[in-house]
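One file, coords02.pdb, is given below (PDB, C-alpha atoms).
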ATOM      1  CA  MET A1105     -23.667  16.583  35.690
ATOM      2  CA  GLN A1106     -23.906  13.516  33.457
ATOM      3  CA  ILE A1107     -21.621  13.528  30.391
ATOM      4  CA  HIS A1108     -22.574  11.364  27.422
ATOM      5  CA  PRO A1109     -20.175   8.366  27.341
ATOM      6  CA  GLU A1110     -18.741   9.284  23.921
ATOM      7  CA  GLN A1111     -17.436  12.559  22.592
ATOM      8  CA  THR A1112     -16.156  13.564  19.139
ATOM      9  CA  ILE A1113     -13.043  15.376  17.967
ATOM     10  CA  SER A1114     -13.236  16.649  14.372
ATOM     11  CA  LEU A1115     -10.988  18.298  11.822
ATOM     12  CA  THR A1116     -13.014  19.746   8.962
ATOM     13  CA  ASP A1117     -12.076  20.698   5.405
ATOM     14  CA  LEU A1118      -8.310  20.370   5.683
ATOM     15  CA  GLU A1119      -6.941  21.553   2.343
ATOM     16  CA  PHE A1120      -4.218  19.662   0.483
ATOM     17  CA  TYR A1121      -2.727  19.715  -2.996
ATOM     18  CA  SER A1122      -1.988  16.092  -3.870
ATOM     19  CA  PHE A1123      -1.325  13.765  -6.787
ATOM     20  CA  HIS A1124      -3.923  10.985  -6.511
ATOM     21  CA  GLY A1125      -5.753   9.486  -9.448
ATOM     22  CA  VAL A1126      -5.975   6.709 -11.989
ATOM     23  CA  LEU A1127      -5.112   8.959 -14.935
ATOM     24  CA  GLU A1128      -1.450   9.754 -15.575
ATOM     25  CA  GLN A1129      -2.368  13.439 -15.900
ATOM     26  CA  GLU A1130      -3.712  13.443 -12.317
ATOM     27  CA  ARG A1131      -0.386  12.109 -11.046
ATOM     28  CA  VAL A1132       1.506  14.860 -12.922
ATOM     29  CA  ILE A1133      -0.533  18.030 -12.380
ATOM     30  CA  GLY A1134      -2.243  17.164  -9.087
ATOM     31  CA  ALA A1135      -5.480  18.550  -7.693
ATOM     32  CA  HIS A1136      -7.000  20.262  -4.685
ATOM     33  CA  TYR A1137      -8.538  18.034  -1.997
ATOM     34  CA  LEU A1138     -10.512  18.531   1.191
ATOM     35  CA  VAL A1139     -10.143  16.046   4.033
ATOM     36  CA  SER A1140     -12.479  15.870   7.020
ATOM     37  CA  LEU A1141     -12.102  13.415   9.847
ATOM     38  CA  SER A1142     -13.619  12.738  13.215
ATOM     39  CA  VAL A1143     -12.851  10.379  16.065
ATOM     40  CA  SER A1144     -15.364   9.369  18.697
ATOM     41  CA  GLY A1145     -14.562   7.917  22.077
ATOM     42  CA  SER A1146     -14.364   8.644  25.753
ATOM     43  CA  PHE A1147     -12.496  11.882  26.427
ATOM     44  CA  GLU A1148     -14.296  12.746  29.668
ATOM     45  CA  GLU A1149     -11.076  12.674  31.715
ATOM     46  CA  ALA A1150      -9.586  15.370  29.488
ATOM     47  CA  MET A1151     -12.724  17.434  29.972
ATOM     48  CA  ARG A1152     -12.259  17.224  33.728
ATOM     49  CA  ASN A1153      -8.491  17.533  34.165
ATOM     50  CA  ASP A1154      -7.311  19.570  31.141
ATOM     51  CA  SER A1155      -4.613  17.012  30.251
ATOM     52  CA  ILE A1156      -3.517  16.241  26.681
ATOM     53  CA  GLU A1157      -2.652  12.692  27.780
ATOM     54  CA  ASP A1158      -6.369  11.994  28.272
ATOM     55  CA  THR A1159      -7.466  12.898  24.773
ATOM     56  CA  VAL A1160      -6.469  12.516  21.139
ATOM     57  CA  ASN A1161      -4.092  15.213  19.954
ATOM     58  CA  TYR A1162      -5.700  16.777  16.902
ATOM     59  CA  ALA A1163      -2.285  17.999  15.694
ATOM     60  CA  GLU A1164      -1.359  14.308  15.395
ATOM     61  CA  LEU A1165      -4.558  13.633  13.431
ATOM     62  CA  HIS A1166      -3.635  16.482  11.076
ATOM     63  CA  ARG A1167      -0.111  15.095  10.632
ATOM     64  CA  ILE A1168      -1.500  11.671   9.695
ATOM     65  CA  ALA A1169      -3.829  13.185   7.087
ATOM     66  CA  GLN A1170      -1.029  15.370   5.709
ATOM     67  CA  GLU A1171       1.415  12.465   5.375
ATOM     68  CA  GLU A1172      -1.098  10.142   3.728
ATOM     69  CA  MET A1173      -2.281  12.833   1.318
ATOM     70  CA  ALA A1174       1.371  13.297   0.270
ATOM     71  CA  SER A1175       1.622   9.624  -0.738
ATOM     72  CA  PRO A1176      -0.039   9.199  -4.183
ATOM     73  CA  SER A1177      -2.640   6.490  -4.757
ATOM     74  CA  ASP A1178      -4.897   5.595  -7.645
ATOM     75  CA  LEU A1179      -8.029   5.650  -5.477
ATOM     76  CA  LEU A1180      -9.333   7.950  -2.751
ATOM     77  CA  GLU A1181     -10.678   4.781  -1.161
ATOM     78  CA  HIS A1182      -7.114   3.612  -0.520
ATOM     79  CA  VAL A1183      -6.047   6.939   0.984
ATOM     80  CA  VAL A1184      -9.061   6.898   3.321
ATOM     81  CA  TYR A1185      -8.185   3.345   4.378
ATOM     82  CA  ARG A1186      -4.583   4.308   5.162
ATOM     83  CA  ILE A1187      -5.679   7.284   7.274
ATOM     84  CA  LEU A1188      -8.180   5.140   9.207
ATOM     85  CA  ALA A1189      -5.540   2.446   9.826
ATOM     86  CA  ARG A1190      -3.076   4.996  11.172
ATOM     87  CA  ILE A1191      -5.692   6.536  13.447
ATOM     88  CA  GLY A1192      -6.293   3.091  14.911
ATOM     89  CA  ASP A1193      -2.556   2.507  15.310
ATOM     90  CA  MET A1194      -1.969   5.838  17.116
ATOM     91  CA  ASP A1195      -4.510   5.054  19.824
ATOM     92  CA  SER A1196      -2.393   3.020  22.263
ATOM     93  CA  ARG A1197      -4.760   3.871  25.145
ATOM     94  CA  LYS A1198      -7.789   2.537  23.211
ATOM     95  CA  GLN A1199      -9.801   5.705  23.696
ATOM     96  CA  ILE A1200     -11.089   5.880  20.121
ATOM     97  CA  LYS A1201     -14.179   3.781  19.452
ATOM     98  CA  GLU A1202     -14.872   4.985  15.906
ATOM     99  CA  ALA A1203     -13.271   7.162  13.216
ATOM    100  CA  THR A1204     -14.689   8.618  10.018
ATOM    101  CA  VAL A1205     -12.633  10.042   7.151
ATOM    102  CA  SER A1206     -13.916  11.818   4.055
ATOM    103  CA  ILE A1207     -11.846  12.997   1.089
ATOM    104  CA  THR A1208     -13.230  15.258  -1.624
ATOM    105  CA  LYS A1209     -11.438  15.858  -4.920
ATOM    106  CA  LYS A1210     -12.508  19.400  -5.730
ATOM    107  CA  ALA A1211     -12.275  19.206  -9.541
ATOM    108  CA  PRO A1212     -12.360  15.610 -10.751
ATOM    109  CA  PRO A1213     -11.345  15.071 -14.404
ATOM    110  CA  ILE A1214     -14.854  14.451 -15.690
ATOM    111  CA  ALA A1215     -16.011  16.161 -18.878
ATOM    112  CA  SER A1216     -18.547  18.920 -18.154
ATOM    113  CA  PHE A1217     -18.391  18.217 -14.401
ATOM    114  CA  GLN A1218     -20.351  20.790 -12.432
ATOM    115  CA  GLY A1219     -20.358  20.371  -8.706
ATOM    116  CA  SER A1220     -18.250  20.866  -5.631
ATOM    117  CA  GLY A1221     -16.273  17.633  -6.044
ATOM    118  CA  ALA A1222     -16.185  13.864  -5.872
ATOM    119  CA  SER A1223     -15.974  12.333  -2.390
ATOM    120  CA  PHE A1224     -15.360   9.065  -0.617
ATOM    121  CA  THR A1225     -16.199   8.526   3.065
ATOM    122  CA  ALA A1226     -15.651   5.522   5.316
ATOM    123  CA  THR A1227     -15.986   4.752   9.012
ATOM    124  CA  ALA A1228     -13.916   2.305  11.057
ATOM    125  CA  VAL A1229     -14.920   0.816  14.392
ATOM    126  CA  PHE A1230     -12.058  -0.009  16.764
TER     127      PHE A1230
END
Before anything else, please render the file you have as structure tokens.
Amino acid sequence: MQIHPEQTISLTDLEFYSFHGVLEQERVIGAHYLVSLSVSGSFEEAMRNDSIEDTVNYAELHRIAQEEMASPSDLLEHVVYRILARIGDMDSRKQIKEATVSITKKAPPIASFQGSGASFTATAVF
């Protein structure tokens, strides 16, 4: 069997209540956010040998997202950057080739806003 050289690990729609935003009100009352992230790389050894040492621990990815969402910022762009940087830093074995993070603010403070939220997504190549 031939396995594609890159695989993806994803965490989708992690829910957080955080205090990000430019407006003072956003920093006081907070808002609901969804965070999705994925890392792509070579995890074929883990597929073969069932060893956590040969993959990226998704509990660690969740912890990174949780910690960065707990640290207020004016911009979602900055929070996404911090999560991407920490994903790169956690990968001492250089298995991760690419990571994508998306944050959605479920109810942005925009008059008459109708929609599921405002999002920012970025991808880093390692």
For the contact check between segment 1175-1229 of chain A and segment 1147-1171 of chain A, emit one row per residue of segment 1175-1229 of chain A within 8 Å, containing the shortest atom pair and the distance in Å rounded to one decimal, counting all atoms listed in the file, chain then rising number order, as a Markdown table.
| residue | atom | partner | partner_atom | distance |
| --- | --- | --- | --- | --- |
| A:Ser1175 | CA | A:Glu1171 | CA | 6.7 |
| A:Ile1187 | CA | A:Ala1169 | CA | 6.2 |
| A:Arg1190 | CA | A:Ile1168 | CA | 7.0 |
| A:Ile1191 | CA | A:Leu1165 | CA | 7.2 |
| A:Asp1195 | CA | A:Val1160 | CA | 7.8 |
| A:Gln1199 | CA | A:Phe1147 | CA | 7.3 |
Write the selection just made, keeping C-alpha atoms, as a short mmCIF file (atom, residue, chain, number, x, y, z; two decimals), in the coordinates of the input?
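Output below, filename part_26.cif:
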data_model
loop_
_atom_site.label_atom_id
_atom_site.label_comp_id
_atom_site.auth_asym_id
_atom_site.auth_seq_id
_atom_site.Cartn_x
_atom_site.Cartn_y
_atom_site.Cartn_z
CA SER A 1175 1.62 9.62 -0.74
CA ILE A 1187 -5.68 7.28 7.27
CA ARG A 1190 -3.08 5.00 11.17
CA ILE A 1191 -5.69 6.54 13.45
CA ASP A 1195 -4.51 5.05 19.82
CA GLN A 1199 -9.80 5.70 23.70
#
Checklist entry - Which neighbours of Leu1118 of chain A fall inside 12 Å, counting only C-alpha atoms, when residues of the same chain fewer than 2 positions from it are skipped, and could you give them as a list in words? => result Ser1114, Leu1115, Thr1116, Phe1120, Tyr1121, His1136, Tyr1137, Leu1138, Val1139, Ser1140, Leu1141, Ser1142, Ala1163, Leu1165, His1166, Arg1167, Ile1168, Ala1169, Gln1170, Met1173, Val1205, Ser1206, Ile1207, Thr1208 and Lys1209 of chain A
Evaluate the PyMOL selection byres ((chain A and resi 1222) around 10) here and jot the selected residues down as a PDB file with C-alpha atoms, in the frame of the given file.
ATOM      1  CA  TYR A1137      -8.538  18.034  -1.997  1.00  0.00           C
ATOM      2  CA  LEU A1180      -9.333   7.950  -2.751  1.00  0.00           C
ATOM      3  CA  ILE A1207     -11.846  12.997   1.089  1.00  0.00           C
ATOM      4  CA  THR A1208     -13.230  15.258  -1.624  1.00  0.00           C
ATOM      5  CA  LYS A1209     -11.438  15.858  -4.920  1.00  0.00           C
ATOM      6  CA  LYS A1210     -12.508  19.400  -5.730  1.00  0.00           C
ATOM      7  CA  ALA A1211     -12.275  19.206  -9.541  1.00  0.00           C
ATOM      8  CA  PRO A1212     -12.360  15.610 -10.751  1.00  0.00           C
ATOM      9  CA  PRO A1213     -11.345  15.071 -14.404  1.00  0.00           C
ATOM     10  CA  ILE A1214     -14.854  14.451 -15.690  1.00  0.00           C
ATOM     11  CA  PHE A1217     -18.391  18.217 -14.401  1.00  0.00           C
ATOM     12  CA  GLY A1219     -20.358  20.371  -8.706  1.00  0.00           C
ATOM     13  CA  SER A1220     -18.250  20.866  -5.631  1.00  0.00           C
ATOM     14  CA  GLY A1221     -16.273  17.633  -6.044  1.00  0.00           C
ATOM     15  CA  SER A1223     -15.974  12.333  -2.390  1.00  0.00           C
ATOM     16  CA  PHE A1224     -15.360   9.065  -0.617  1.00  0.00           C
TER      17      PHE A1224
END
Checklist entry - For the atom pair atom CA of Glu1110 of chain A and atom CA of Ile1200 of chain A, what is the interatomic distance in Å to one decimal place? => result 9.2 Å
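Nearest residue to Phe1230 of chain A, choosing from A:Met1194, A:Ile1113, A:Met1105, A:Ala1215 and counting only C-alpha atoms: A:Met1194.
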Checklist entry - Could you pull the residues within 8 Å of Ser1177 of chain A, counting all atoms listed in the file, minus those fewer than 2 positions along the same chain, as a ChimeraX atom specification? => result /A:1123-1126,1175,1179-1180,1182-1183
Kindly save the residues from that selection, with C-alpha atoms included, as a PDB file, in the coordinates of the input.
ATOM      1  CA  PHE A1123      -1.325  13.765  -6.787  1.00  0.00           C
ATOM      2  CA  HIS A1124      -3.923  10.985  -6.511  1.00  0.00           C
ATOM      3  CA  GLY A1125      -5.753   9.486  -9.448  1.00  0.00           C
ATOM      4  CA  VAL A1126      -5.975   6.709 -11.989  1.00  0.00           C
ATOM      5  CA  SER A1175       1.622   9.624  -0.738  1.00  0.00           C
ATOM      6  CA  LEU A1179      -8.029   5.650  -5.477  1.00  0.00           C
ATOM      7  CA  LEU A1180      -9.333   7.950  -2.751  1.00  0.00           C
ATOM      8  CA  HIS A1182      -7.114   3.612  -0.520  1.00  0.00           C
ATOM      9  CA  VAL A1183      -6.047   6.939   0.984  1.00  0.00           C
TER      10      VAL A1183
END
Checklist entry - Which residues, written as a list in words, have at least one atom at most 9 Å from Ala1226 of chain A, with all atoms listed in the file counted and residues fewer than 2 positions away on the same chain left out? => result Glu1181, Val1184, Tyr1185, Leu1188, Ala1203, Thr1204, Val1205, Ser1206, Phe1224 and Ala1228 of chain A
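Here atom CA of Asp1117 of chain A and atom CA of Asp1178 of chain A stand 21.2 Å from one another.
Note that atom CA of Ile1107 of chain A and atom CA of Thr1225 of chain A are 28.3 Å apart.
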Checklist entry - Given the choices A:Lys1198, A:Thr1227, A:Ser1216, A:Pro1176, which gets closest to Arg1131 of chain A if the distance is worked out from all atoms listed in the file? => result A:Pro1176
Put the listed atoms of segment 1156-1172 of chain A in a box along x, y and z with 6 Å added on every side and give me the centre and edge lengths in Å to one decimal, as JSON.
{"center_x": -3.0, "center_y": 14.1, "center_z": 16.0, "size_x": 20.9, "size_y": 19.9, "size_z": 36.5}
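Nearest-residue note for Thr1112 of chain A: choosing from A:Val1229, A:Val1132, A:Val1143, A:Ala1174, the minimum distance belongs to A:Val1143, counting only C-alpha atoms.
Of the residues under consideration (A:Pro1109, A:Gln1218, A:Glu1128, A:Ala1135), A:Pro1109 shows the shortest atom-to-atom contact distance to Lys1201 of chain A when counting all atoms listed in the file.
Of the listed residues (A:Ala1189, A:Gly1134, A:Gln1129, A:Ser1146), A:Ser1146 comes nearest to Gln1111 of chain A; the distances count only C-alpha atoms.
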